[in-house]
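This report refers to the structure that appears directly beneath it.
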Amino acid sequence: MKEYDCWFQKQTQAPCLSVPSLKRFFSAGAGMVYDHAIAEYRFLLKKCWDIPTEAVPDLRSAGTVLGLVADLNPLLPGKETLPAKIPAEGFYIRIGHEQSIIIAADEAGLLYGVYRFLALLMQGALKPGDEIQEAPTARLRMLNHWDNLDGSIERGYAGRSLFYQDNHLQYDKERMVAYARLAASVGINRISINNVNVRSAAKLLITEAYLPAVAELAAVFRPFGIRLLPALNFAAPKSIGGLSTADPLDPAVAAWWKEQISLVYRYIPDLAGFIVKADSEGESGPFQYGRTHAEGANMLAAALKPHGGELIWRCFVYNCQQDWRDHSMDRARAAYDNFIALDGQFADNVLLQIKYGPLDFQVLEPVMPLFGALKNTRYVMELQITQEYTGHQIDLCFLPWLWERIMAFDTAYGPQSRIRDLAGKSLEGFAAVANTGRDTNWTGHTLAQANLYGFGRMAWNPALESEAIAREWSALTFGPGHTAETIAGILLASYPAYENYNAPFGICFMVTPGIHYGPNIEGYEFSKWGTYHRADRKAIGVDRTSQGTGYTGLYAPENARRFEDPAQCPEKLLLFFHRLNYDYRMKNGETLLQNIYDTHFVGYDQVAVMVETWKSLENDLDGEVYDSVLSRFERQLENAREWRDQINTYFYRKTGIADARGRRIYD
Ligand code: GCV
């Protein structure tokens with residue numbers, strides 16, 4: 001395996017379809033992305049199998065026919081057997097004995113069809129008679145980069161920024177093309193290129209000092225069907241416009257944005273729009289001027305409207321100056337409380353971007369109650385691929401395992417009310433904070449490539465199972481067979497293990513402040529961030545029921561009822577919703593305390609098994625990949641040991657109660 005190539009490896013086995021049929025192709029269509037889809041077909045056959053391709057002038061003599069339905073239809077024999085309609089960005093593949101076809105109604109669909117065809121070919125999963133018809137469930141499939149112009153990345157664990165260095169756009173063009181290929185091949189169609197905390201030079205990205213370079217970057221992504229979506233600073237009218245205010249209802253402010261956004265569109269006419277973090281963690285926003293978030297967003301949306309742009313407005317708005325002494329505040333309520341009353345007030349080109357959980361990408365959190373509750377607002381879900389709270393790409397944590405559970409969450413127990421059912425309707429897409437950087441393997445931990453891959457696949461089809469994704473990614477990356485199967489198994493074991501050795505049962509933020517790696521049980525206990533667990537000698541947790549902060553009541557009735565009652569609440573989230581005594585009896589008949597001990601002993605042991613399993617692959621893997629992953633696993637084992645022992649010791653010291661099974665707890 002070559003790490004840099006990710007899921008486009010040089011193949012060691014012949015393709016499962018005949019080489020001459022792959023070689024001789026006929027295509028019809030027009031447009032930049034169409035041309036690129038054909039170019040990708042040719043490029044990847046050459047790169048992965050060393051098959052040179054040849055365009056033939058006559059459809060009948062071609063082994064593979066690719067193109068757009070409108071252009072191919074008049075030429076295709078047996079067209080009545082083709083699907084009557086292929087949805088936007090979708091494709092249809094049919095494998096024949098003599099000839100295979102890849103067709104789409106639009107250019108992006110053809111590109112996705114080519115990638116899918118090649119991915120299946122690499123997995124040895126195509127044979128005559130196969131028909132594959134797919135279309136993305138949701139329209140927006142976005143990567144958010146939290147990259148700063150100085151080249152650093154907020155919460156980045158894979159080296160410096162892919163885009164910037166020394167306050168300039170500075171990148172290796174070939175590498176950027178490779179990145180666009182990786183993203184497009186799993187269906188990504190939007191990339192935001194700078195940190196939502198828009199500080200220093202990044203404020204100037206929308207000015208002529210940077211726009212020519214941003215336009216060049218947009219041109220790299222354009223043939224891949226990917227449009228850019230920079231992050232804006234809400235206070236820009238002041239910081240770069242020289243105005244005395246950024247009040248969204250001030251006509252001078254609105255006029256300034258209109259002018260500035262028109263300027264941006266002169267350079268990048270197909271810009272997707274902008275993303276904004278406002279009134280959050282120190283960023284400026286409409287609250288500063290006594291305005292609502294609808295007023296703030298709509299002003300920017302109006303400036304984008306003539307250009308067909310969309311505004312992505314983040315809901316990560318909460319008070320980060322709380323007093324731990326004050327038990328009446330509950331940060332988990334914040335996004336809901338700030339946005340639910342605005343339902344129906346946003347302009348039609350505004351989409352709210354809502355983190356999947358009410359806090360902040362914690363290891364175990366429930367799904368945010370805004371999903372399904374917003375009835376007249378367009379929105380997308382935000383996930384995090386970069387492993388801020390899930391092990392910094394030192395620890396292995398296969399995130400599609402978590403995402404599968406999020407997609408299956410039923411918001412209301414009504415018809416079509418699971419997250420995956422809402423996708424493509426009110427839930428118009430998914431965004432995720434990217435985990436990539438300049439490290440040769442893109443993601444620091446080589447196996448963390450699976451998270452990038454998995455996000456794209458799940459954003460394309462939220463009904464996909466994480467097991468299928470793990471096997472698919474492993475087969476593409478390591479070649480189908482025993483090694484890939486073993487690695488898929490390791491991936492699938494990783495999230496449950498991480499959950500076990502991390503903070504228990506939905507307690508959040510027991511992590512080292514600031515950096516967010518490694519345990520610090522009371523690190524956020526007396527801080528301003530609203531992140532408390534309030535453990536004492538007898539009990540732990542925040543009561544978020546109707547007797548406490550009332551958070552459970554924000555859910556639709558069925559969920560409110562389940563979460564309200566500890567006996568019905570999913571046990572993994574028990575301490576997110578409830579304050580419980582350590583002697584509370586859980587479903588297995590053991591106390592809460594004993595369950596905390598057990599999960600932590602088990603979590604460490606699970607990591608030890610993962611390490612041994614990895615070692616069993618030594619002779620099957622490229623030495624560099626083997627060694628680099630092994631060294632991360634060794635660090636993970638050490639981290640799991642710290643978590644296990646610090647958590648267990650903490651609760652042992654609080655309670656004085658030893659492990660019922662007599663295992664060693666340090667005092
Ligand atoms: C980009 C968390 C992270 C911050 C991040 C923020 C956000 O608080 O720790 O680094 O800032 O989320 O999502 O805006």
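We label chains A, B, ... in the order they appear in the structure tokens, count residues from 1 in each chain, and number ligands from 1 in the order shown.
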
Identify all residues of stretch 53-267 of chain A in helix (DSSP H, G or I) (DSSP on the backbone) and supply them as a ChimeraX atom specification.
/A:59-61,69-72,79-81,107-122,173-185,200-206,211-224,236-239,251-267

May I have a table of the residues of chain A lying at most 10 Å from ligand 1, giving each one's closest pair of atoms and their distance in Å to one decimal, counting only C-alpha atoms and all ligand atoms, ordered by chain and ascending residue number, as CSV?
residue,atom,partner,partner_atom_place_in_ligand_line,distance
A:Asn144,CA,ligand 1,1 (C),9.9
A:His145,CA,ligand 1,1 (C),9.2
A:Trp146,CA,ligand 1,1 (C),6.2
A:Asp147,CA,ligand 1,1 (C),9.2
A:Ile153,CA,ligand 1,1 (C),9.4
A:Glu154,CA,ligand 1,10 (O),5.7
A:Arg155,CA,ligand 1,10 (O),5.9
A:Gly156,CA,ligand 1,10 (O),9.5
A:Asn194,CA,ligand 1,1 (C),9.9
A:Asn195,CA,ligand 1,1 (C),6.2
A:Val196,CA,ligand 1,1 (C),5.5
A:Asn197,CA,ligand 1,1 (C),5.5
A:Val198,CA,ligand 1,1 (C),9.0
A:Val276,CA,ligand 1,14 (O),9.7
A:Lys277,CA,ligand 1,14 (O),6.7
A:Ala278,CA,ligand 1,14 (O),9.3
A:Ser280,CA,ligand 1,14 (O),7.2
A:Glu281,CA,ligand 1,8 (O),7.2
A:Gly282,CA,ligand 1,14 (O),9.9
A:Glu283,CA,ligand 1,14 (O),9.2
A:Arg314,CA,ligand 1,14 (O),8.3
A:Cys315,CA,ligand 1,13 (O),9.4
A:Phe316,CA,ligand 1,13 (O),6.6
A:Val317,CA,ligand 1,14 (O),8.9
A:Cys320,CA,ligand 1,8 (O),9.5
A:Ile354,CA,ligand 1,13 (O),9.9
A:Lys355,CA,ligand 1,13 (O),8.0
A:Leu359,CA,ligand 1,8 (O),9.0
A:Asp360,CA,ligand 1,2 (C),6.1
A:Phe361,CA,ligand 1,2 (C),8.0
A:Glu382,CA,ligand 1,13 (O),9.1
A:Leu383,CA,ligand 1,13 (O),9.7
A:Gln384,CA,ligand 1,13 (O),8.9
A:Glu388,CA,ligand 1,9 (O),7.3
A:Tyr389,CA,ligand 1,9 (O),8.7
A:Val433,CA,ligand 1,13 (O),8.6
A:Pro513,CA,ligand 1,9 (O),9.6
A:Gly514,CA,ligand 1,9 (O),7.5
A:Ile515,CA,ligand 1,9 (O),8.3
A:His516,CA,ligand 1,9 (O),8.0
A:Trp529,CA,ligand 1,8 (O),9.2

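Distance annotation: of A:Lys2, A:Lys46, A:His36, A:His97, the residue with the minimal separation from A:Lys23 is A:Lys46; atom set is only C-alpha atoms.
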
Residue nearest A:Gly357 among A:Lys305, A:Leu370, A:Phe398, A:Ser161 (counting only C-alpha atoms):
A:Leu370

Counting only C-alpha atoms, the residue of A:Glu40, A:Gly372, A:Asp543, A:Asn319 that sits nearest A:Pro415:
A:Gly372

Neighbours of stretch 451-453 of chain A within 6 Å (only C-alpha atoms; same-chain residues fewer than 3 positions away dropped), as a PyMOL selection string?
chain A and resi 399+448+456

Which polymer residues have any atom within 7 Å of an atom of A:Val69, counting only C-alpha atoms, with same-chain residues fewer than 6 positions away left out, as a PyMOL selection string?
chain A and resi 103-105

Test item, strand (DSSP E) assignment across stretch 247-328 of chain A, answer as a PDB file with N, CA, C and O atoms, in the first residue's frame:
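Writing the result to out36.pdb gives the following:
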ATOM      1  N   GLY A 273     -21.077  29.807  -1.817  1.00  0.00           N
ATOM      2  CA  GLY A 273     -21.616  30.720  -0.815  1.00  0.00           C
ATOM      3  C   GLY A 273     -20.611  30.863   0.308  1.00  0.00           C
ATOM      4  O   GLY A 273     -19.395  30.727   0.091  1.00  0.00           O
ATOM      5  N   PHE A 274     -21.130  31.089   1.509  1.00  0.00           N
ATOM      6  CA  PHE A 274     -20.234  31.282   2.659  1.00  0.00           C
ATOM      7  C   PHE A 274     -20.768  30.531   3.869  1.00  0.00           C
ATOM      8  O   PHE A 274     -21.948  30.223   3.938  1.00  0.00           O
ATOM      9  N   ILE A 275     -19.850  30.312   4.811  1.00  0.00           N
ATOM     10  CA  ILE A 275     -20.247  29.731   6.102  1.00  0.00           C
ATOM     11  C   ILE A 275     -19.887  30.735   7.202  1.00  0.00           C
ATOM     12  O   ILE A 275     -18.855  31.417   7.107  1.00  0.00           O
ATOM     13  N   VAL A 276     -20.732  30.837   8.221  1.00  0.00           N
ATOM     14  CA  VAL A 276     -20.509  31.843   9.266  1.00  0.00           C
ATOM     15  C   VAL A 276     -20.684  31.234  10.659  1.00  0.00           C
ATOM     16  O   VAL A 276     -21.668  30.540  10.935  1.00  0.00           O
ATOM     17  N   GLU A 310     -25.465  30.391  -1.368  1.00  0.00           N
ATOM     18  CA  GLU A 310     -26.185  30.000  -0.153  1.00  0.00           C
ATOM     19  C   GLU A 310     -25.359  30.372   1.069  1.00  0.00           C
ATOM     20  O   GLU A 310     -24.121  30.374   1.019  1.00  0.00           O
ATOM     21  N   LEU A 311     -26.065  30.666   2.130  1.00  0.00           N
ATOM     22  CA  LEU A 311     -25.381  30.999   3.383  1.00  0.00           C
ATOM     23  C   LEU A 311     -25.556  29.852   4.363  1.00  0.00           C
ATOM     24  O   LEU A 311     -26.678  29.449   4.671  1.00  0.00           O
ATOM     25  N   ILE A 312     -24.431  29.336   4.832  1.00  0.00           N
ATOM     26  CA  ILE A 312     -24.477  28.286   5.849  1.00  0.00           C
ATOM     27  C   ILE A 312     -24.203  28.973   7.181  1.00  0.00           C
ATOM     28  O   ILE A 312     -23.138  29.569   7.380  1.00  0.00           O
ATOM     29  N   TRP A 313     -25.163  28.899   8.067  1.00  0.00           N
ATOM     30  CA  TRP A 313     -25.112  29.653   9.326  1.00  0.00           C
ATOM     31  C   TRP A 313     -25.059  28.659  10.476  1.00  0.00           C
ATOM     32  O   TRP A 313     -25.979  27.860  10.656  1.00  0.00           O
ATOM     33  N   ARG A 314     -23.977  28.686  11.256  1.00  0.00           N
ATOM     34  CA  ARG A 314     -23.808  27.653  12.285  1.00  0.00           C
ATOM     35  C   ARG A 314     -24.642  27.939  13.541  1.00  0.00           C
ATOM     36  O   ARG A 314     -24.806  29.097  13.935  1.00  0.00           O
TER      37      ARG A 314
END

So that I can check the surroundings of A:Thr440, please list as a PyMOL selection string every protein, DNA and RNA residue that reaches within 10 Å of it, counting only C-alpha atoms and ignoring chain neighbours fewer than 5 positions away.
chain A and resi 2-5+158-159+175+446

Fewer than 2 positions away in the same chain doesn't count, so skip those; otherwise give me all residues within 10 Å of stretch 630-639 of chain A, counting only C-alpha atoms, as number ranges by chain.
A: 391, 393-396, 444-446, 498, 501-502, 517-519, 603-612, 614-615, 618, 624-628, 641-645

I'd like to know which of A:Glu558, A:Glu131, A:Glu499, A:Asp583 is closest to A:Phe601, using only C-alpha atoms.
A:Glu499

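For the set A:Leu118, A:Ala335, A:Leu232, A:Ala341, the residue with the smallest atom-to-atom gap to A:Pro369 is A:Ala335, counting only C-alpha atoms.
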
Could you tell me how far atom CA of A:Leu342 lies from atom CA of A:Ser284, in Å and to one decimal?
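Atom CA of A:Ser284 lies at a distance of 19.2 Å from atom CA of A:Leu342.
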